[in-house]
Amino acid sequence: MAASDGKPGILDRLAAGDTLIFDGATGTYLQNNGLEPGASPELMNATHPEVVQGMSKQYFDAGSDIVLTNSFGGNKFMLDRYGAGERLVELNKLAAEHARAVAPEGKFVAGSIGPTGEFIEPLGTATEDELYDNFSAMAKAFEAGGADAVMIETQLAIEEAAIAVRAAKETTGLVVMATMVFDKGPRGYFTMMGVTPEQAVEGLEEAGADVVGTNCGNGIERMVEIATRM
């Protein structure tokens with residue numbers, strides 16, 4: 001899948017055997033550059049665009065091939081806690097625009113989607129349709145802002161992750177990637193919601209993910225071990 005300019009896209013690069021490097025932490029960077037305790041990182045896309053762009057530029061300069069947008073908590077449920085739920089499209093589009101504005105040629109931007117923190121009925125009050133609409137709006141905002149991909153990351157529940165994958169895949173033309181976080185216990189690796197790496201691969205690929213994997217929370221050695229199983 002080539003990029004819009006005809007140059008090799010993310011999937012082309014991976015198919016060719018290339019290793020693509022992501023960026024580092026977003027939250028701690030922003031905390032060190034003006035984010036107040038308890039404040040919304042996503043609101044900084046509007047209030048401190050120079051900080052967000054500076055973060056992306058530093059990660060690209062350090063050698064990142066793919067930089068994630070400042071939108072990990074940019075879902076409606078999280079934004080509602082800051083009275084900014086109605087700004088979902090604006091803030092996520094800005095997040096993509098800021099990273100794209102400083103992306104060198106041949107480098108990529110991935111829209112970050114983290115967990116909503118909600119449980120789907122009957123365990124919680126969120127409906128599948130609400131989650132789908134939320135993730136669809138985020139993904140379309142990333143696409144409008146110039147992103148190359150969506151990264152549905154740090155997921156714990158396969159049901160929510162699969163809905164996010166479907167929403168992004170069905171409503172945009174972006175590459176869709178998804179990762180889950182696994183902890184090691186006496187019986188092996190599981191997410192906090194009891195999902196194994198094997199179940200994650202099966203469920204995420206069935207939902208339509210182009211790339212699946214694991215991400216932060218348990219150390220690089222364990223991530224490598226998990227990846228060899230996925």
# chains A, B, ... in the order shown; residues from 1 in each chain; ligands from 1
>>> residues_around(residues="Tyr189 (chain A)", least_positions_apart="6", cutoff="12 Å", atoms="only C-alpha atoms", output="PyMOL selection string")
chain A and resi 180-183+195-200+214+218+222-223+225-227+229-230
>>> residues_around(residues="region 148-155 of chain A", least_positions_apart="6", cutoff="6 Å", atoms="only C-alpha atoms", output="JSON, numbers by chain")
{"A": [109, 110, 111, 112, 113, 114, 115, 174, 175, 176, 177, 178, 179, 180, 181]}
>>> closest_residue(among="A:Leu91, A:Leu30, A:Ala147, A:Glu159", to="Glu121 (chain A)", atoms="only C-alpha atoms")
A:Glu159
>>> closest_residue(among="A:Ala96, A:Met193, A:Gly208, A:Gly173", to="Ala157 (chain A)", atoms="only C-alpha atoms")
A:Met193
>>> closest_atom_pairs(of="region 78-159 of chain A", to="region 33-39 of chain A", cutoff="12 Å", atoms="only C-alpha atoms", output="CSV")
residue,atom,partner,partner_atom,distance
A:Met78,CA,A:Ala39,CA,11.3
A:Leu79,CA,A:Ala39,CA,10.6
A:Arg81,CA,A:Ala39,CA,10.1
A:Tyr82,CA,A:Ala39,CA,8.0
A:Gly83,CA,A:Ala39,CA,11.4
A:Ala84,CA,A:Ala39,CA,11.8
>>> select_by_dssp(residues="chain A", states="helix (DSSP H, G or I)", output="ChimeraX atom specification")
/A:10-15,27-31,44-47,49-61,76-80,85-101,128-144,158-171,197-207,220-229
>>> atom_distance(atom1="CA of Gly117 (chain A)", atom2="CA of Gly73 (chain A)")
9.4 Å
>>> residues_around(residues="Asn32 (chain A)", least_positions_apart="6", cutoff="12 Å", atoms="only C-alpha atoms", output="PyMOL selection string")
chain A and resi 25-26+41+51-52+55
>>> residues_around(residues="Gly24 (chain A)", least_positions_apart="6", cutoff="9 Å", atoms="only C-alpha atoms", output="PyMOL selection string")
chain A and resi 59+64+67-68
>>> select_by_dssp(residues="region 7-227 of chain A", states="strand (DSSP E or B)", output="MDAnalysis selection string")
chainID A and resid 22 66:68 108:113 120 126 149:155 175:180 183:185 188:190 211:214
>>> write_last_selection(atoms="N, CA, C and O atoms", output="compact mmCIF listing (two decimals), in the first residue's frame")
# COMPACT_ATOMS: atom_id res chain seq x y z
N PHE A 22 9.18 3.49 16.09
CA PHE A 22 8.20 4.43 16.59
C PHE A 22 8.87 5.46 17.51
O PHE A 22 10.06 5.36 17.82
N ILE A 66 7.95 6.43 12.48
CA ILE A 66 6.53 6.69 12.70
C ILE A 66 6.37 7.43 14.03
O ILE A 66 6.89 6.97 15.05
N VAL A 67 5.67 8.56 14.00
CA VAL A 67 5.39 9.32 15.22
C VAL A 67 3.90 9.28 15.48
O VAL A 67 3.08 9.49 14.57
N LEU A 68 3.54 8.99 16.72
CA LEU A 68 2.14 8.95 17.12
C LEU A 68 1.63 10.35 17.43
O LEU A 68 2.38 11.20 17.92
N PHE A 108 6.30 8.77 8.69
CA PHE A 108 4.87 8.54 8.80
C PHE A 108 4.28 9.07 10.11
O PHE A 108 4.97 9.19 11.12
N VAL A 109 2.97 9.34 10.05
CA VAL A 109 2.20 9.80 11.21
C VAL A 109 1.08 8.79 11.48
O VAL A 109 0.35 8.41 10.56
N ALA A 110 0.96 8.36 12.73
CA ALA A 110 -0.09 7.42 13.11
C ALA A 110 -0.96 8.04 14.20
O ALA A 110 -0.45 8.50 15.22
N GLY A 111 -2.25 8.05 13.97
CA GLY A 111 -3.19 8.59 14.95
C GLY A 111 -3.34 7.63 16.12
O GLY A 111 -3.72 6.47 15.93
N SER A 112 -3.04 8.10 17.31
CA SER A 112 -3.07 7.26 18.51
C SER A 112 -4.47 7.19 19.11
O SER A 112 -5.10 8.22 19.37
N ILE A 113 -4.94 5.97 19.34
CA ILE A 113 -6.22 5.74 20.02
C ILE A 113 -5.95 4.82 21.21
O ILE A 113 -5.58 3.66 21.04
N ILE A 120 -18.24 -2.14 28.00
CA ILE A 120 -19.39 -2.30 27.11
C ILE A 120 -20.51 -3.03 27.86
O ILE A 120 -20.27 -3.89 28.70
N ALA A 126 -21.51 1.73 28.29
CA ALA A 126 -21.23 2.10 26.90
C ALA A 126 -21.79 1.04 25.95
O ALA A 126 -21.73 -0.16 26.23
N ALA A 149 -1.79 6.45 9.20
CA ALA A 149 -2.25 5.23 9.85
C ALA A 149 -2.98 5.57 11.14
O ALA A 149 -2.93 6.71 11.62
N VAL A 150 -3.64 4.56 11.69
CA VAL A 150 -4.24 4.62 13.01
C VAL A 150 -3.54 3.57 13.86
O VAL A 150 -3.37 2.43 13.43
N MET A 151 -3.12 3.95 15.06
CA MET A 151 -2.56 2.99 16.01
C MET A 151 -3.49 2.89 17.20
O MET A 151 -3.59 3.81 18.02
N ILE A 152 -4.20 1.76 17.29
CA ILE A 152 -5.10 1.48 18.41
C ILE A 152 -4.24 0.77 19.45
O ILE A 152 -3.90 -0.40 19.28
N GLU A 153 -3.84 1.49 20.49
CA GLU A 153 -2.74 1.01 21.32
C GLU A 153 -3.08 0.83 22.79
O GLU A 153 -4.06 1.36 23.30
N THR A 154 -2.25 0.02 23.44
CA THR A 154 -2.32 -0.19 24.88
C THR A 154 -3.69 -0.71 25.30
O THR A 154 -4.21 -0.37 26.35
N GLN A 155 -4.27 -1.55 24.44
CA GLN A 155 -5.62 -2.05 24.70
C GLN A 155 -5.59 -3.24 25.66
O GLN A 155 -4.61 -3.99 25.72
N VAL A 175 -3.93 2.87 7.09
CA VAL A 175 -3.40 1.62 7.62
C VAL A 175 -3.86 1.52 9.08
O VAL A 175 -3.82 2.51 9.82
N VAL A 176 -4.30 0.34 9.48
CA VAL A 176 -4.81 0.17 10.84
C VAL A 176 -3.93 -0.81 11.61
O VAL A 176 -3.77 -1.97 11.23
N MET A 177 -3.34 -0.31 12.69
CA MET A 177 -2.49 -1.12 13.56
C MET A 177 -3.12 -1.19 14.94
O MET A 177 -3.81 -0.26 15.36
N ALA A 178 -2.87 -2.29 15.64
CA ALA A 178 -3.45 -2.45 16.98
C ALA A 178 -2.49 -3.22 17.87
O ALA A 178 -1.91 -4.22 17.46
N THR A 179 -2.34 -2.74 19.10
CA THR A 179 -1.48 -3.41 20.08
C THR A 179 -2.20 -3.54 21.41
O THR A 179 -3.04 -2.72 21.76
N MET A 180 -1.84 -4.59 22.13
CA MET A 180 -2.42 -4.82 23.45
C MET A 180 -1.28 -4.96 24.46
O MET A 180 -0.13 -5.20 24.10
N ASP A 183 0.62 -8.86 30.68
CA ASP A 183 1.43 -9.08 31.87
C ASP A 183 1.64 -10.57 32.05
O ASP A 183 0.78 -11.38 31.69
N LYS A 184 2.80 -10.94 32.60
CA LYS A 184 3.12 -12.35 32.77
C LYS A 184 2.74 -12.82 34.16
O LYS A 184 3.13 -12.25 35.17
N GLY A 185 1.95 -13.89 34.20
CA GLY A 185 1.55 -14.50 35.46
C GLY A 185 1.96 -15.96 35.47
O GLY A 185 2.66 -16.44 34.56
N GLY A 188 1.15 -17.70 32.24
CA GLY A 188 1.60 -17.12 30.98
C GLY A 188 1.17 -15.67 30.85
O GLY A 188 0.89 -14.99 31.84
N TYR A 189 1.11 -15.20 29.61
CA TYR A 189 0.79 -13.81 29.33
C TYR A 189 -0.70 -13.60 29.11
O TYR A 189 -1.34 -14.32 28.33
N PHE A 190 -1.23 -12.56 29.77
CA PHE A 190 -2.63 -12.17 29.61
C PHE A 190 -2.72 -10.65 29.75
O PHE A 190 -1.93 -10.03 30.46
N VAL A 211 -1.73 -4.59 11.02
CA VAL A 211 -0.56 -4.89 11.84
C VAL A 211 -1.03 -5.11 13.27
O VAL A 211 -1.85 -4.34 13.76
N VAL A 212 -0.55 -6.15 13.93
CA VAL A 212 -0.90 -6.38 15.33
C VAL A 212 0.38 -6.55 16.15
O VAL A 212 1.43 -6.91 15.61
N GLY A 213 0.28 -6.28 17.45
CA GLY A 213 1.48 -6.42 18.26
C GLY A 213 1.20 -6.15 19.73
O GLY A 213 0.06 -6.15 20.20
N THR A 214 2.29 -5.89 20.45
CA THR A 214 2.23 -5.59 21.88
C THR A 214 2.97 -4.28 22.12
O THR A 214 3.81 -3.88 21.31
>>> closest_residue(among="A:Gln53, A:Thr171, A:Thr228, A:Ile163", to="Glu205 (chain A)", atoms="only C-alpha atoms")
A:Ile163
>>> atom_distance(atom1="CA of Asn70 (chain A)", atom2="CA of Asn45 (chain A)")
7.3 Å
